[in-house]
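To keep things clear, I will list the structure first and then write my remarks on it.
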Amino acid sequence: MKEKYVNQANPNVSVDCVVFGFDGSDLKVLLVQRDLRDNLDIDDDTLVLPGDLINDDEDLDEAASRILKGLTGIKNIFLEQIGAFGSPKRLLKKRDQVWLNAIRILPNARVITIGYFALVNIKNYKTKPAGFAKHVLWQDYNTVEELGFDHNVILNSAISVLRDKLYREPVGFQLLGKEFSLHQLYTLYNEIMGGDIDRRNFRRKMLKTGFLKETENYQEGVPHKPARLYTFAKKKFDNVSKANFKFY
């Protein structure tokens with residue numbers, strides 16, 4: 001008899017997480033390569049989003065946090081639900097079927113997944129394989145090809161939610177260090193929005209918000225004139241009315 005994939009796992013409900021990162025020039029997505037159990041001789045290098053079945057004794061947010069902590073060691077990160085994905089065809093790709101038959105007791109059980117997206121500063125954490133992940137890697141968002149299951153659909157939903165939130169909330173700062181240049185901030189927002197932001201207007205609008213605090217520090221070790229560094233004045237943002245507010 002095959003071993004249970006996860007103790008007390010619910011075979012019909014999972015969470016899948018879109019983890020965005022930023023390396024200073026490119027928007028990244030955390031992907032994992034599936035691993036096989038019991039030394040099964042199956043060639044499967046499919047990339048998928050980090051996810052897993054939920055345990056019967058945990059709620060959805062707990063499951064998402066557990067999965068990401070296992071892969072990244074990160075606690076208390078920005079994590080938000082983006083929706084449910086339950087197409088009857090979401091598990092029917094040929095390679096997915098082979099993997100499911102090799103790894104699960106109920107390979108044909110319908111699984112509805114709850115999508116989350118998370119934002120992390122890549123420099124602060126070191127990823128590690130866990131669960132069914134054989135390898136964990138950061139890939140440029142713009143180079144992501146076909147993923148397993150319906151994970152491209154989930155990824156597209158996550159970027160849409162993130163883009164919408166950028167207009168109303170300063171979530172982009174989750175991807176930056178404590179101090180950053182205006183150029184780094186522009187590059188981040190431009191990458192997320194798909195290259196549609198005018199540089200000059202962006203700088204003017206961001207400074208006009210009053211939520212960027214100028215520091216006495218400048219960039220170090222750069223081949224050009226060092227730029228002044230800023231920090232995000234979160235307390236100031238928290239104290240203003242958010243009604244009809246647009247961040248840039």
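Scheme for the structure tokens: letters A, B, ... for chains in order shown; per-chain residue numbers from 1; ligand numbers from 1 in order shown.
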Could you give me, as JSON lines, every range 108-207 of chain A residue with an atom at most 10 Å from range 7-22 of chain A, plus its closest atom pair and distance in Å to one decimal, counting only C-alpha atoms, rows ordered by chain then number?
{"residue": "A:Asn108", "atom": "CA", "partner": "A:Pro11", "partner_atom": "CA", "distance": 9.7}
{"residue": "A:Ala109", "atom": "CA", "partner": "A:Asn12", "partner_atom": "CA", "distance": 6.4}
{"residue": "A:Arg110", "atom": "CA", "partner": "A:Asn12", "partner_atom": "CA", "distance": 5.7}
{"residue": "A:Val111", "atom": "CA", "partner": "A:Asn12", "partner_atom": "CA", "distance": 4.2}
{"residue": "A:Ile112", "atom": "CA", "partner": "A:Val13", "partner_atom": "CA", "distance": 5.1}
{"residue": "A:Thr113", "atom": "CA", "partner": "A:Ser14", "partner_atom": "CA", "distance": 4.5}
{"residue": "A:Ile114", "atom": "CA", "partner": "A:Val15", "partner_atom": "CA", "distance": 4.7}
{"residue": "A:Gly115", "atom": "CA", "partner": "A:Asp16", "partner_atom": "CA", "distance": 5.0}
{"residue": "A:Tyr116", "atom": "CA", "partner": "A:Cys17", "partner_atom": "CA", "distance": 4.7}
{"residue": "A:Phe117", "atom": "CA", "partner": "A:Val18", "partner_atom": "CA", "distance": 4.5}
{"residue": "A:Ala118", "atom": "CA", "partner": "A:Val19", "partner_atom": "CA", "distance": 4.6}
{"residue": "A:Leu119", "atom": "CA", "partner": "A:Phe20", "partner_atom": "CA", "distance": 5.0}
{"residue": "A:Val120", "atom": "CA", "partner": "A:Gly21", "partner_atom": "CA", "distance": 5.3}
{"residue": "A:Asn121", "atom": "CA", "partner": "A:Gly21", "partner_atom": "CA", "distance": 5.9}
{"residue": "A:Ile122", "atom": "CA", "partner": "A:Gly21", "partner_atom": "CA", "distance": 5.6}
{"residue": "A:Lys123", "atom": "CA", "partner": "A:Phe22", "partner_atom": "CA", "distance": 8.8}
{"residue": "A:Trp138", "atom": "CA", "partner": "A:Gly21", "partner_atom": "CA", "distance": 8.0}
{"residue": "A:Gln139", "atom": "CA", "partner": "A:Gly21", "partner_atom": "CA", "distance": 9.4}
{"residue": "A:Asp140", "atom": "CA", "partner": "A:Phe22", "partner_atom": "CA", "distance": 9.2}
{"residue": "A:Tyr141", "atom": "CA", "partner": "A:Phe20", "partner_atom": "CA", "distance": 8.5}
{"residue": "A:His151", "atom": "CA", "partner": "A:Asp16", "partner_atom": "CA", "distance": 8.2}
{"residue": "A:Ile154", "atom": "CA", "partner": "A:Val18", "partner_atom": "CA", "distance": 7.7}
{"residue": "A:Leu155", "atom": "CA", "partner": "A:Val18", "partner_atom": "CA", "distance": 6.2}
{"residue": "A:Asn156", "atom": "CA", "partner": "A:Val18", "partner_atom": "CA", "distance": 9.6}
{"residue": "A:Ser157", "atom": "CA", "partner": "A:Val18", "partner_atom": "CA", "distance": 9.5}
{"residue": "A:Ala158", "atom": "CA", "partner": "A:Val18", "partner_atom": "CA", "distance": 6.7}
{"residue": "A:Ile159", "atom": "CA", "partner": "A:Val18", "partner_atom": "CA", "distance": 8.9}
{"residue": "A:Leu162", "atom": "CA", "partner": "A:Phe20", "partner_atom": "CA", "distance": 9.6}
{"residue": "A:Gly172", "atom": "CA", "partner": "A:Phe22", "partner_atom": "CA", "distance": 9.7}
{"residue": "A:Gln174", "atom": "CA", "partner": "A:Gly21", "partner_atom": "CA", "distance": 9.0}
{"residue": "A:Leu175", "atom": "CA", "partner": "A:Phe22", "partner_atom": "CA", "distance": 5.8}
{"residue": "A:Leu176", "atom": "CA", "partner": "A:Phe22", "partner_atom": "CA", "distance": 7.3}
{"residue": "A:Gln184", "atom": "CA", "partner": "A:Phe22", "partner_atom": "CA", "distance": 9.9}
{"residue": "A:Thr187", "atom": "CA", "partner": "A:Phe22", "partner_atom": "CA", "distance": 9.7}
{"residue": "A:Leu188", "atom": "CA", "partner": "A:Phe22", "partner_atom": "CA", "distance": 7.1}
{"residue": "A:Glu191", "atom": "CA", "partner": "A:Phe22", "partner_atom": "CA", "distance": 9.2}
{"residue": "A:Ile192", "atom": "CA", "partner": "A:Phe22", "partner_atom": "CA", "distance": 9.7}
For the residues selected in the previous step, produce a file with N, CA and C atoms as a tab-separated table (two decimals), in the first residue's frame.
chain	number	residue	atom	x	y	z
A	108	ASN	N	-7.23	10.42	-8.48
A	108	ASN	CA	-8.28	11.05	-9.27
A	108	ASN	C	-9.26	11.87	-8.44
A	109	ALA	N	-8.94	12.04	-7.16
A	109	ALA	CA	-9.82	12.86	-6.31
A	109	ALA	C	-9.80	14.30	-6.80
A	110	ARG	N	-10.97	14.90	-6.91
A	110	ARG	CA	-11.04	16.29	-7.33
A	110	ARG	C	-10.47	17.18	-6.23
A	111	VAL	N	-9.59	18.09	-6.62
A	111	VAL	CA	-8.94	18.98	-5.66
A	111	VAL	C	-9.26	20.43	-6.01
A	112	ILE	N	-9.86	21.11	-5.09
A	112	ILE	CA	-10.08	22.55	-5.22
A	112	ILE	C	-8.98	23.25	-4.45
A	113	THR	N	-8.32	24.18	-5.10
A	113	THR	CA	-7.20	24.86	-4.43
A	113	THR	C	-7.52	26.32	-4.17
A	114	ILE	N	-6.99	26.83	-3.08
A	114	ILE	CA	-7.12	28.23	-2.73
A	114	ILE	C	-5.78	28.90	-3.03
A	115	GLY	N	-5.81	29.92	-3.88
A	115	GLY	CA	-4.58	30.60	-4.27
A	115	GLY	C	-4.23	31.73	-3.32
A	116	TYR	N	-2.95	31.86	-3.05
A	116	TYR	CA	-2.41	32.96	-2.25
A	116	TYR	C	-1.27	33.61	-3.02
A	117	PHE	N	-0.99	34.87	-2.70
A	117	PHE	CA	0.26	35.43	-3.17
A	117	PHE	C	1.01	36.03	-2.00
A	118	ALA	N	2.33	35.95	-2.09
A	118	ALA	CA	3.21	36.43	-1.03
A	118	ALA	C	4.29	37.30	-1.64
A	119	LEU	N	4.81	38.23	-0.85
A	119	LEU	CA	5.87	39.13	-1.28
A	119	LEU	C	7.03	39.01	-0.31
A	120	VAL	N	8.23	38.72	-0.83
A	120	VAL	CA	9.40	38.57	0.03
A	120	VAL	C	10.59	39.30	-0.55
A	121	ASN	N	11.47	39.71	0.32
A	121	ASN	CA	12.75	40.28	-0.09
A	121	ASN	C	13.73	39.13	-0.27
A	122	ILE	N	14.11	38.87	-1.52
A	122	ILE	CA	14.95	37.72	-1.85
A	122	ILE	C	16.22	37.67	-1.02
A	123	LYS	N	16.82	38.82	-0.76
A	123	LYS	CA	18.11	38.85	-0.08
A	123	LYS	C	18.03	38.42	1.38
A	138	TRP	N	14.22	30.58	-8.04
A	138	TRP	CA	13.61	31.85	-8.42
A	138	TRP	C	13.73	31.99	-9.93
A	139	GLN	N	12.62	32.23	-10.61
A	139	GLN	CA	12.63	32.40	-12.06
A	139	GLN	C	12.05	33.75	-12.42
A	140	ASP	N	12.62	34.40	-13.45
A	140	ASP	CA	12.09	35.67	-13.92
A	140	ASP	C	10.62	35.49	-14.29
A	141	TYR	N	9.79	36.36	-13.81
A	141	TYR	CA	8.36	36.26	-14.09
A	141	TYR	C	8.09	36.22	-15.59
A	151	HIS	N	-1.51	26.05	-12.77
A	151	HIS	CA	-0.74	27.04	-12.03
A	151	HIS	C	-0.44	28.30	-12.82
A	154	ILE	N	-3.36	30.47	-11.98
A	154	ILE	CA	-3.21	31.04	-10.63
A	154	ILE	C	-2.17	32.17	-10.65
A	155	LEU	N	-1.07	31.96	-11.37
A	155	LEU	CA	-0.03	33.00	-11.48
A	155	LEU	C	-0.59	34.26	-12.13
A	156	ASN	N	-1.36	34.11	-13.19
A	156	ASN	CA	-1.95	35.27	-13.87
A	156	ASN	C	-2.92	36.01	-12.95
A	157	SER	N	-3.67	35.27	-12.16
A	157	SER	CA	-4.58	35.91	-11.20
A	157	SER	C	-3.80	36.68	-10.15
A	158	ALA	N	-2.69	36.11	-9.70
A	158	ALA	CA	-1.88	36.75	-8.67
A	158	ALA	C	-1.28	38.06	-9.16
A	159	ILE	N	-0.76	38.09	-10.38
A	159	ILE	CA	-0.15	39.33	-10.88
A	159	ILE	C	-1.22	40.39	-11.08
A	162	LEU	N	-1.92	41.79	-7.63
A	162	LEU	CA	-0.79	42.60	-7.19
A	162	LEU	C	-0.79	43.95	-7.89
A	172	GLY	N	4.44	47.15	-2.58
A	172	GLY	CA	5.71	46.96	-3.27
A	172	GLY	C	6.91	47.05	-2.36
A	174	GLN	N	7.38	45.68	0.35
A	174	GLN	CA	7.69	44.38	0.93
A	174	GLN	C	8.83	43.69	0.16
A	175	LEU	N	9.03	44.09	-1.09
A	175	LEU	CA	10.02	43.45	-1.94
A	175	LEU	C	11.38	44.14	-1.92
A	176	LEU	N	11.45	45.28	-1.25
A	176	LEU	CA	12.68	46.06	-1.20
A	176	LEU	C	13.34	45.96	0.16
A	184	GLN	N	15.56	52.16	-7.95
A	184	GLN	CA	15.17	50.79	-7.57
A	184	GLN	C	13.67	50.68	-7.41
A	187	THR	N	12.12	50.76	-10.89
A	187	THR	CA	12.35	49.49	-11.59
A	187	THR	C	11.40	48.42	-11.10
A	188	LEU	N	11.19	48.35	-9.78
A	188	LEU	CA	10.28	47.36	-9.21
A	188	LEU	C	8.86	47.57	-9.73
A	191	GLU	N	8.51	46.80	-13.46
A	191	GLU	CA	8.53	45.36	-13.73
A	191	GLU	C	7.17	44.74	-13.43
A	192	ILE	N	6.58	45.09	-12.30
A	192	ILE	CA	5.29	44.52	-11.93
A	192	ILE	C	4.21	44.94	-12.91
Checklist entry - Tell me, which residues of range 30-99 of chain A carry DSSP alpha helix (DSSP H), written as a list in words? => result Leu60, Asp61, Glu62, Ala63, Ala64, Ser65, Arg66, Ile67, Leu68, Lys69, Gly70, Leu71, Thr72, Lys94, Arg95, Asp96, Gln97, Val98 and Trp99 of chain A
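Put simply, CA of Glu216 in chain A is 25.9 Å away from CA of Glu169 in chain A.
Remark: for Arg168 in chain A, the closest of the candidate residues A:Phe78, A:Thr209, A:Arg34, A:Ser25 is A:Thr209 (distances computed over only C-alpha atoms).
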Next on the checklist: Excluding Trp99 in chain A and its own-chain neighbours fewer than 3 positions away, which residues fall within 9 Å of it when counting only C-alpha atoms? Please give them as a ChimeraX atom specification.
Outcome noted: /A:34,36,42,44,94-96,102-104,107
Item to check | Close residues, range 178-181 of chain A itself excluded, 7 Å, only C-alpha atoms, min 4 positions apart in chain, as a PyMOL selection string | outcome: chain A and resi 185+227-231
Checklist entry - Could you pull out the strand (DSSP E or B) residues of range 26-211 of chain A from DSSP and send them as a PyMOL selection string? => result chain A and resi 27-34+47-48+51-55+78-85+112-119+133-140+180
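Distance check against Tyr186 in chain A using only C-alpha atoms: of A:Val171, A:Leu147, A:Ile67, A:Met206, the minimum falls on A:Met206.
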